[in-house]
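Next up, upload18.cif (mmCIF, C-alpha atoms):
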data_data
loop_
_atom_site.label_atom_id
_atom_site.label_comp_id
_atom_site.auth_asym_id
_atom_site.auth_seq_id
_atom_site.Cartn_x
_atom_site.Cartn_y
_atom_site.Cartn_z
CA MET A 3 103.24 123.36 113.01
CA LYS A 4 103.24 121.12 110.02
CA SER A 5 106.59 120.65 108.33
CA ALA A 6 106.96 121.02 104.59
CA ARG A 7 107.30 117.27 104.27
CA THR A 8 103.88 116.44 105.62
CA LEU A 9 102.32 119.21 103.57
CA LEU A 10 103.78 117.92 100.34
CA PRO A 11 105.18 114.43 100.66
CA GLY A 12 107.79 113.39 98.17
CA LEU A 13 108.87 116.98 97.67
CA ARG A 14 112.47 116.03 97.11
CA ALA A 15 111.57 113.43 94.50
CA ALA A 16 109.31 115.97 92.84
CA ALA A 17 112.05 118.61 92.86
CA THR A 18 114.33 116.16 91.08
CA TRP A 19 111.96 114.71 88.53
CA ILE A 20 109.65 117.50 87.52
CA PRO A 21 112.44 119.85 86.31
CA LEU A 22 114.14 116.94 84.56
CA MET A 23 110.91 116.05 82.79
CA ALA A 24 110.31 119.70 81.90
CA VAL A 25 113.75 119.90 80.27
CA LEU A 26 113.17 116.63 78.38
CA GLY A 27 109.72 117.80 77.34
CA GLY A 28 111.07 121.14 76.16
CA TRP A 29 113.72 119.38 74.09
CA ALA A 30 111.10 117.04 72.66
CA TRP A 31 108.85 119.92 71.72
CA ALA A 32 111.70 121.80 70.06
CA GLN A 33 112.63 118.69 68.08
CA ALA A 34 109.05 117.88 67.16
CA THR A 35 108.53 121.30 65.63
CA ALA A 36 111.84 121.27 63.73
CA ALA A 37 112.17 120.28 60.09
CA GLY A 38 113.77 117.29 58.37
CA ASP A 39 113.60 113.55 58.94
CA VAL A 40 116.55 112.86 61.20
CA PHE A 41 116.91 110.66 64.26
CA PRO A 42 116.72 113.37 66.96
CA ARG A 43 113.67 114.91 65.35
CA ARG A 44 111.84 111.57 65.22
CA ALA A 45 112.80 110.76 68.82
CA GLY A 46 111.67 114.20 69.95
CA GLU A 47 108.40 113.86 68.09
CA ASN A 48 107.70 110.52 69.77
CA LEU A 49 108.60 111.82 73.21
CA TRP A 50 106.49 114.91 72.68
CA SER A 51 103.44 112.84 71.74
CA PHE A 52 103.91 110.70 74.86
CA ALA A 53 104.40 113.81 77.01
CA ARG A 54 101.22 115.38 75.62
CA ASP A 55 99.32 112.19 76.41
CA MET A 56 100.69 112.25 79.92
CA LEU A 57 99.93 115.88 80.66
CA ALA A 58 96.39 115.46 79.38
CA VAL A 59 95.42 112.58 81.66
CA LEU A 60 97.95 111.90 84.39
CA PRO A 61 97.49 114.80 86.86
CA ALA A 62 93.69 114.70 86.66
CA MET A 63 93.72 110.90 86.92
CA PHE A 64 95.73 110.96 90.13
CA MET A 65 93.47 113.63 91.62
CA LEU A 66 90.48 111.39 90.96
CA ILE A 67 92.27 108.37 92.40
CA GLY A 68 93.01 110.34 95.55
CA LEU A 69 89.39 111.40 95.87
CA PHE A 70 88.22 107.86 95.22
CA ASP A 71 90.53 106.73 97.99
CA VAL A 72 89.05 109.01 100.64
CA TRP A 73 85.39 108.96 99.60
CA VAL A 74 84.55 105.42 98.53
CA PRO A 75 84.12 103.11 101.51
CA ARG A 76 85.98 99.82 101.38
CA ALA A 77 82.79 97.91 102.11
CA VAL A 78 81.17 99.11 98.88
CA ILE A 79 84.05 97.88 96.75
CA GLU A 80 84.24 94.60 98.64
CA ARG A 81 80.55 93.94 98.26
CA HIS A 82 80.36 94.65 94.54
CA VAL A 83 83.69 93.55 93.12
CA GLY A 84 85.39 91.77 96.03
CA ARG A 85 86.53 88.18 96.45
CA ASP A 86 82.99 86.84 96.72
CA SER A 87 81.47 88.89 93.93
CA GLY A 88 79.91 87.18 90.94
CA ALA A 89 79.47 87.72 87.24
CA LYS A 90 77.98 91.18 87.73
CA ALA A 91 81.37 92.39 88.95
CA VAL A 92 82.89 91.47 85.60
CA GLY A 93 80.37 93.75 83.90
CA TRP A 94 81.17 96.62 86.25
CA MET A 95 84.90 96.34 85.66
CA ILE A 96 84.51 96.22 81.88
CA LEU A 97 82.13 99.18 81.88
CA LEU A 98 84.54 101.22 84.02
CA ALA A 99 87.47 100.39 81.76
CA MET A 100 85.65 100.96 78.47
CA LEU A 101 84.67 104.50 79.37
CA GLN A 102 88.24 105.61 79.92
CA ALA A 103 90.92 106.82 77.58
CA GLY A 104 94.67 107.01 77.64
CA PRO A 105 97.68 104.74 77.65
CA LEU A 106 97.81 101.58 79.79
CA TYR A 107 100.16 103.02 82.39
CA VAL A 108 97.32 105.34 83.43
CA ALA A 109 95.24 102.29 84.32
CA PHE A 110 97.84 100.82 86.69
CA PRO A 111 97.32 103.33 89.53
CA VAL A 112 93.54 102.98 89.19
CA ALA A 113 93.91 99.22 89.36
CA VAL A 114 96.11 99.48 92.45
CA ALA A 115 93.63 101.82 94.16
CA LEU A 116 90.83 99.31 93.46
CA TRP A 117 92.94 96.40 94.71
CA ARG A 118 93.72 98.21 97.97
CA LYS A 119 90.04 98.91 98.52
CA GLY A 120 89.25 95.20 98.42
CA CYS A 121 88.57 94.56 94.74
CA ALA A 122 89.35 90.93 93.90
CA PRO A 123 92.59 90.45 91.92
CA ARG A 124 90.71 88.77 89.05
CA ASN A 125 88.50 91.85 88.72
CA VAL A 126 91.54 94.11 88.76
CA PHE A 127 93.02 92.05 85.92
CA ILE A 128 89.73 92.15 84.03
CA TYR A 129 89.82 95.91 84.35
CA LEU A 130 93.36 96.00 82.95
CA GLY A 131 92.42 93.62 80.15
CA ALA A 132 89.38 95.65 79.14
CA PHE A 133 91.31 98.90 79.44
CA SER A 134 94.10 97.67 77.23
CA SER A 135 92.00 96.18 74.48
CA ILE A 136 88.39 97.32 74.27
CA LYS A 137 88.08 100.90 75.54
CA LEU A 138 85.61 102.89 73.48
CA PRO A 139 87.84 105.72 72.15
CA LEU A 140 90.24 103.05 70.89
CA LEU A 141 87.47 100.97 69.30
CA SER A 142 86.00 103.91 67.42
CA PHE A 143 89.44 104.67 66.00
CA GLU A 144 89.96 101.04 65.12
CA VAL A 145 86.67 100.91 63.23
CA ALA A 146 87.69 104.00 61.28
CA CYS A 147 91.04 102.46 60.29
CA LEU A 148 90.31 98.77 59.86
CA GLY A 149 86.54 98.44 59.53
CA TRP A 150 83.63 97.05 61.54
CA THR A 151 84.26 93.38 60.91
CA PHE A 152 87.80 93.47 62.20
CA SER A 153 86.80 95.37 65.36
CA LEU A 154 83.73 93.30 66.17
CA VAL A 155 85.45 89.95 65.70
CA ARG A 156 88.48 91.10 67.69
CA THR A 157 86.31 92.34 70.56
CA ALA A 158 84.20 89.19 70.55
CA ILE A 159 87.26 86.94 70.83
CA THR A 160 89.28 89.18 73.16
CA LEU A 161 86.55 89.54 75.78
CA PRO A 162 86.29 85.89 76.89
CA VAL A 163 90.06 85.48 76.55
CA PHE A 164 91.04 88.19 79.00
CA ILE A 165 88.32 87.21 81.45
CA ALA A 166 89.67 83.66 81.44
CA LEU A 167 93.22 84.96 81.82
CA ALA A 168 92.19 87.08 84.81
CA TYR A 169 90.73 84.06 86.60
CA LEU A 170 93.81 82.02 85.74
CA LEU A 171 96.15 84.72 87.03
CA GLU A 172 94.22 85.08 90.29
CA LYS A 173 94.34 81.33 90.81
CA GLN A 174 98.06 81.30 90.19
CA LEU A 175 98.82 83.95 92.83
CA PRO A 176 98.86 83.16 96.53
CA ARG A 177 95.89 84.64 98.39
CA SER A 178 98.20 86.57 100.66
CA ILE A 179 100.07 88.40 97.92
CA GLN A 180 100.84 92.03 98.75
CA LEU A 181 101.33 94.96 96.41
CA PRO A 182 104.54 96.98 96.82
CA GLU A 183 104.44 100.15 98.94
CA GLN A 184 103.29 103.22 97.02
CA GLU A 185 105.13 105.79 99.13
CA PRO A 186 107.83 107.71 97.27
CA LYS A 187 111.38 107.06 98.36
CA THR A 188 112.82 110.23 99.88
CA MET B 25 90.23 115.02 76.83
CA SER B 26 89.46 118.45 78.28
CA GLY B 27 86.08 117.08 79.34
CA PHE B 28 87.94 114.71 81.59
CA ILE B 29 89.94 117.54 83.16
CA LEU B 30 86.75 119.56 83.63
CA LEU B 31 85.11 116.60 85.33
CA THR B 32 88.09 116.24 87.66
CA VAL B 33 88.06 119.92 88.59
CA ALA B 34 84.31 119.77 89.23
CA ALA B 35 84.65 116.63 91.35
CA THR B 36 87.43 118.22 93.36
CA ALA B 37 85.40 121.40 93.91
CA VAL B 38 82.36 119.43 95.11
CA SER B 39 84.57 117.30 97.33
CA TRP B 40 86.31 120.39 98.72
CA ALA B 41 82.96 121.98 99.59
CA ALA B 42 81.74 118.79 101.23
CA ASP B 43 84.83 118.04 103.30
CA THR B 44 88.01 120.06 102.97
CA GLY B 45 90.13 117.85 105.20
CA LYS B 46 89.16 114.70 103.38
CA THR B 47 89.79 116.32 100.02
CA ARG B 48 93.21 117.50 101.11
CA ARG B 49 94.06 113.98 102.25
CA GLY B 50 92.86 112.53 98.96
CA LEU B 51 94.78 114.98 96.81
CA ARG B 52 97.91 114.35 98.86
CA GLN B 53 97.47 110.63 98.32
CA GLY B 54 97.09 111.14 94.57
CA TRP B 55 100.12 113.41 94.45
CA ARG B 56 102.19 110.81 96.30
CA MET B 57 101.31 108.09 93.80
CA LEU B 58 102.02 110.40 90.87
CA ILE B 59 105.48 111.29 92.20
CA ARG B 60 106.24 107.66 92.76
CA LEU B 61 105.41 106.88 89.15
CA LEU B 62 107.51 109.64 87.57
CA PRO B 63 111.02 108.11 87.60
CA ALA B 64 110.04 104.81 85.97
CA LEU B 65 107.69 106.52 83.54
CA THR B 66 110.24 109.09 82.40
CA GLY B 67 112.79 106.38 81.75
CA VAL B 68 110.37 104.17 79.86
CA LEU B 69 108.96 106.91 77.67
CA ALA B 70 112.39 108.34 76.84
CA GLY B 71 113.70 104.86 76.02
CA VAL B 72 110.70 103.98 73.86
CA SER B 73 110.89 107.31 72.02
CA LEU B 74 114.51 106.64 71.11
CA ALA B 75 113.82 103.05 70.10
CA LEU B 76 110.84 103.98 67.93
CA ALA B 77 112.90 106.69 66.23
CA ALA B 78 115.69 104.21 65.54
CA ILE B 79 113.27 101.80 63.85
CA PRO B 80 111.43 103.73 61.15
CA ALA B 81 107.93 102.71 60.09
CA GLU B 82 109.25 101.55 56.70
CA SER B 83 111.30 98.73 58.23
CA LEU B 84 108.27 97.60 60.25
CA ARG B 85 106.30 97.58 57.03
CA ALA B 86 108.98 95.58 55.27
CA LEU B 87 109.03 93.09 58.14
CA LEU B 88 105.27 92.62 58.54
CA ALA B 89 103.68 93.15 55.15
CA ARG B 90 103.80 89.48 54.25
CA ASP B 91 101.81 86.39 55.06
CA SER B 92 103.74 83.51 56.58
CA PRO B 93 103.90 81.74 59.95
CA LEU B 94 107.25 83.42 60.57
CA THR B 95 105.73 86.86 59.94
CA PHE B 96 102.96 85.98 62.39
CA LEU B 97 105.56 85.25 65.09
CA ALA B 98 107.46 88.41 64.21
CA ALA B 99 104.24 90.41 64.55
CA LEU B 100 103.61 88.91 68.00
CA ALA B 101 107.14 89.84 69.08
CA VAL B 102 107.11 93.35 67.62
CA GLY B 103 103.71 94.11 69.15
CA SER B 104 104.86 92.89 72.56
CA VAL B 105 107.99 94.99 72.80
CA THR B 106 106.73 98.24 71.32
CA LEU B 107 104.64 100.94 72.90
CA MET B 108 102.58 103.09 70.57
CA PRO B 109 99.61 105.35 71.05
CA GLY B 110 96.50 104.12 69.23
CA PHE B 111 96.49 107.05 66.84
CA VAL B 112 99.91 105.91 65.59
CA ALA B 113 99.28 102.17 65.68
CA TYR B 114 96.00 102.06 63.74
CA PRO B 115 97.08 104.12 60.75
CA LEU B 116 100.24 102.01 60.69
CA ALA B 117 98.10 98.86 60.73
CA ALA B 118 95.94 100.25 57.95
CA GLY B 119 99.13 100.89 55.99
CA LEU B 120 100.28 97.33 56.64
CA LYS B 121 96.93 96.02 55.40
CA ALA B 122 97.20 98.07 52.23
CA GLY B 123 100.75 96.78 51.83
CA GLY B 124 99.56 93.18 51.82
CA ALA B 125 99.74 92.06 55.47
CA SER B 126 97.27 89.29 56.33
CA VAL B 127 94.53 89.62 58.95
CA SER B 128 96.34 87.22 61.26
CA VAL B 129 99.53 89.31 61.15
CA LEU B 130 97.58 92.52 61.76
CA ALA B 131 95.70 90.95 64.65
CA ALA B 132 98.90 89.53 66.13
CA PHE B 133 100.59 92.92 65.98
CA LEU B 134 97.62 94.88 67.36
CA THR B 135 96.57 92.53 70.14
CA THR B 136 100.07 92.11 71.54
CA LEU B 137 100.61 95.85 71.19
CA MET B 138 97.53 96.45 73.33
CA MET B 139 97.72 93.61 75.85
CA VAL B 140 101.44 92.97 76.31
CA GLY B 141 103.76 95.71 77.46
CA VAL B 142 107.35 94.62 77.72
CA ALA B 143 108.50 98.24 77.49
CA THR B 144 106.24 99.32 80.35
CA LEU B 145 107.19 96.37 82.58
CA PRO B 146 109.26 98.59 84.93
CA VAL B 147 106.24 100.84 85.43
CA GLU B 148 103.89 97.91 85.94
CA ALA B 149 106.29 96.27 88.40
CA ARG B 150 106.44 99.52 90.33
CA PHE B 151 102.72 99.18 90.98
CA PHE B 152 102.19 95.44 91.13
CA GLY B 153 105.59 93.95 91.87
CA TRP B 154 107.65 91.92 89.38
CA ARG B 155 105.86 88.67 90.08
CA ILE B 156 102.41 89.87 89.07
CA ALA B 157 103.76 92.05 86.25
CA LEU B 158 105.68 89.20 84.63
CA TRP B 159 102.84 86.70 85.00
CA ARG B 160 100.25 89.11 83.68
CA ASN B 161 102.33 89.85 80.60
CA ALA B 162 103.20 86.22 79.95
CA LEU B 163 99.52 85.23 80.12
CA ALA B 164 98.51 88.25 78.05
CA PHE B 165 101.00 87.18 75.39
CA ILE B 166 99.45 83.74 75.18
CA GLY B 167 95.99 85.31 75.15
CA ALA B 168 96.93 87.69 72.36
CA ALA B 169 98.31 84.79 70.31
CA VAL B 170 95.00 82.92 70.81
CA VAL B 171 92.99 85.97 69.76
CA ALA B 172 95.14 86.50 66.67
CA ALA B 173 94.89 82.84 65.69
CA GLY B 174 91.12 82.95 66.22
CA MET B 175 90.82 85.99 63.98
CA ALA B 176 92.92 84.33 61.32
CA VAL B 177 90.46 81.44 61.26
CA LEU B 178 87.30 83.58 61.32
CA LEU B 179 88.36 86.32 58.90
CA ARG B 180 90.27 84.26 56.41
#

Spit out the file's structure as structure tokens when you get a sec.
Amino acid sequence: MKSARTLLPGLRAAATWIPLMAVLGGWAWAQATAAGDVFPRRAGENLWSFARDMLAVLPAMFMLIGLFDVWVPRAVIERHVGRDSGAKAVGWMILLAMLQAGPLYVAFPVAVALWRKGCAPRNVFIYLGAFSSIKLPLLSFEVACLGWTFSLVRTAITLPVFIALAYLLEKQLPRSIQLPEQEPKT
Amino acid sequence: MSGFILLTVAATAVSWAADTGKTRRGLRQGWRMLIRLLPALTGVLAGVSLALAAIPAESLRALLARDSPLTFLAALAVGSVTLMPGFVAYPLAAGLKAGGASVSVLAAFLTTLMMVGVATLPVEARFFGWRIALWRNALAFIGAAVVAAGMAVLLR
């Protein structure tokens, strides 16, 4: 018989953090809907907007990452965006990143999943760079607020810069570098 | 955003029909990573919420709505240490522009805001380790400064 732990790993961590976050979120929501311009209300409003962001993308994102992990063969990732991949890989990473939405911390687990499947570090960093600065939902909002010229020039300069940075960062790291364990501490 | 959730549910359903065991394994893997992220993320978001509330938008405006090399540096620093959703940052930037901030200051603030995440460093380190997290942010800071300087030259 399977024990509860193997059915739902990290149960104890979940039992600690999920109620805590629910209480925080409830407080934030109560503050955000209150009146007046005082410190707790502003803090609650901020926290509530972050929490809403999180609820909207985080659970679904991690489900997709899990599915990616079991379905996509390592060889496919290695061939297309691995250590020996070429310029085409850069295009793939940017396309993947541009189509997403959400705050940067949502991109970290995706990046780690790619890395573990054999994606070259430089391509992982290109993904993070593109995600942080040129994803489409962000660009459309930027155009609305600051105009076409600003957005186009910023994108045109940012693109080569973060690609160069990604190569630089990969060069700087030893080939054998390992990512930290992703298992929850119980 | 709900399109994304719909897509995820559909993908999971298809996956479940194709191979239940595999799907279960995948979902468990995703759950594990999510749980691992929660402590650092809760701390960071709570901390940032408090900090942002303590520094009202008016003081940011007062600090950045000018055009001098010192303001440029201040914009780089402020953008690096803060965490703001785009729908807050862009209207703020538009307000700064209306208030007289130069393009270089706007670009410095926005690019560091997007590319450098001092506030989210604990979360990033959780995934990548401190070494990669610190290097990535240091390089991103330099990159953002280059981008902002480039924009200042082109959009003068």

Could you list, as a short mmCIF file (atom, residue, chain, number, x, y, z; two decimals) with C-alpha atoms, keeping the file's coordinate frame, the residues of chain B having an atom within 6 Å of chain A when counting only C-alpha atoms?
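Contents of result_16.cif, as written:
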data_model
loop_
_atom_site.label_atom_id
_atom_site.label_comp_id
_atom_site.auth_asym_id
_atom_site.auth_seq_id
_atom_site.Cartn_x
_atom_site.Cartn_y
_atom_site.Cartn_z
CA ILE B 29 89.94 117.54 83.16
CA THR B 32 88.09 116.24 87.66
CA GLY B 50 92.86 112.53 98.96
CA LEU B 51 94.78 114.98 96.81
CA GLN B 53 97.47 110.63 98.32
CA GLY B 54 97.09 111.14 94.57
CA ARG B 60 106.24 107.66 92.76
CA SER B 73 110.89 107.31 72.02
CA LEU B 74 114.51 106.64 71.11
CA ALA B 77 112.90 106.69 66.23
CA ALA B 118 95.94 100.25 57.95
CA MET B 138 97.53 96.45 73.33
CA MET B 139 97.72 93.61 75.85
CA PHE B 152 102.19 95.44 91.13
CA GLY B 153 105.59 93.95 91.87
CA VAL B 171 92.99 85.97 69.76
#

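CA of Val108 in chain A lies 14.1 Å from CA of Met108 in chain B.
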
For the file shown, what are the residues hit by the PyMOL selection byres ((chain B and resi 123-129) around 12), laid out as a ChimeraX atom specification? /A:148-149,151-153,155-156 /B:82,84-103,116-122,130-136,168-180

What does the distance between CA of Asp39 in chain A and CA of Pro115 in chain B come to in Å, to one decimal place? 19.1 Å

Carefully work through the PyMOL selection byres ((chain A and resi 97) around 12) for this structure and note down the residues it includes, as a list in words. Lys90, Ala91, Val92, Gly93, Trp94, Met95, Ile96, Leu98, Ala99, Met100, Leu101, Gln102, Asn125, Ile128, Tyr129, Leu130, Gly131, Ala132, Phe133, Ile136, Lys137 and Leu138 of chain A

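The space separating CA of Val140 in chain B from CA of Phe165 in chain B comes to 5.9 Å.
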
Apply the PyMOL selection byres ((chain A and resi 82) around 10) to the file shown and report the selected residues as a list of chain:residue names. A:Ala77, A:Val78, A:Ile79, A:Glu80, A:Arg81, A:Val83, A:Gly84, A:Arg85, A:Asp86, A:Ser87, A:Gly88, A:Lys90, A:Ala91, A:Val92, A:Trp94, A:Gly120, A:Cys121, A:Ala122
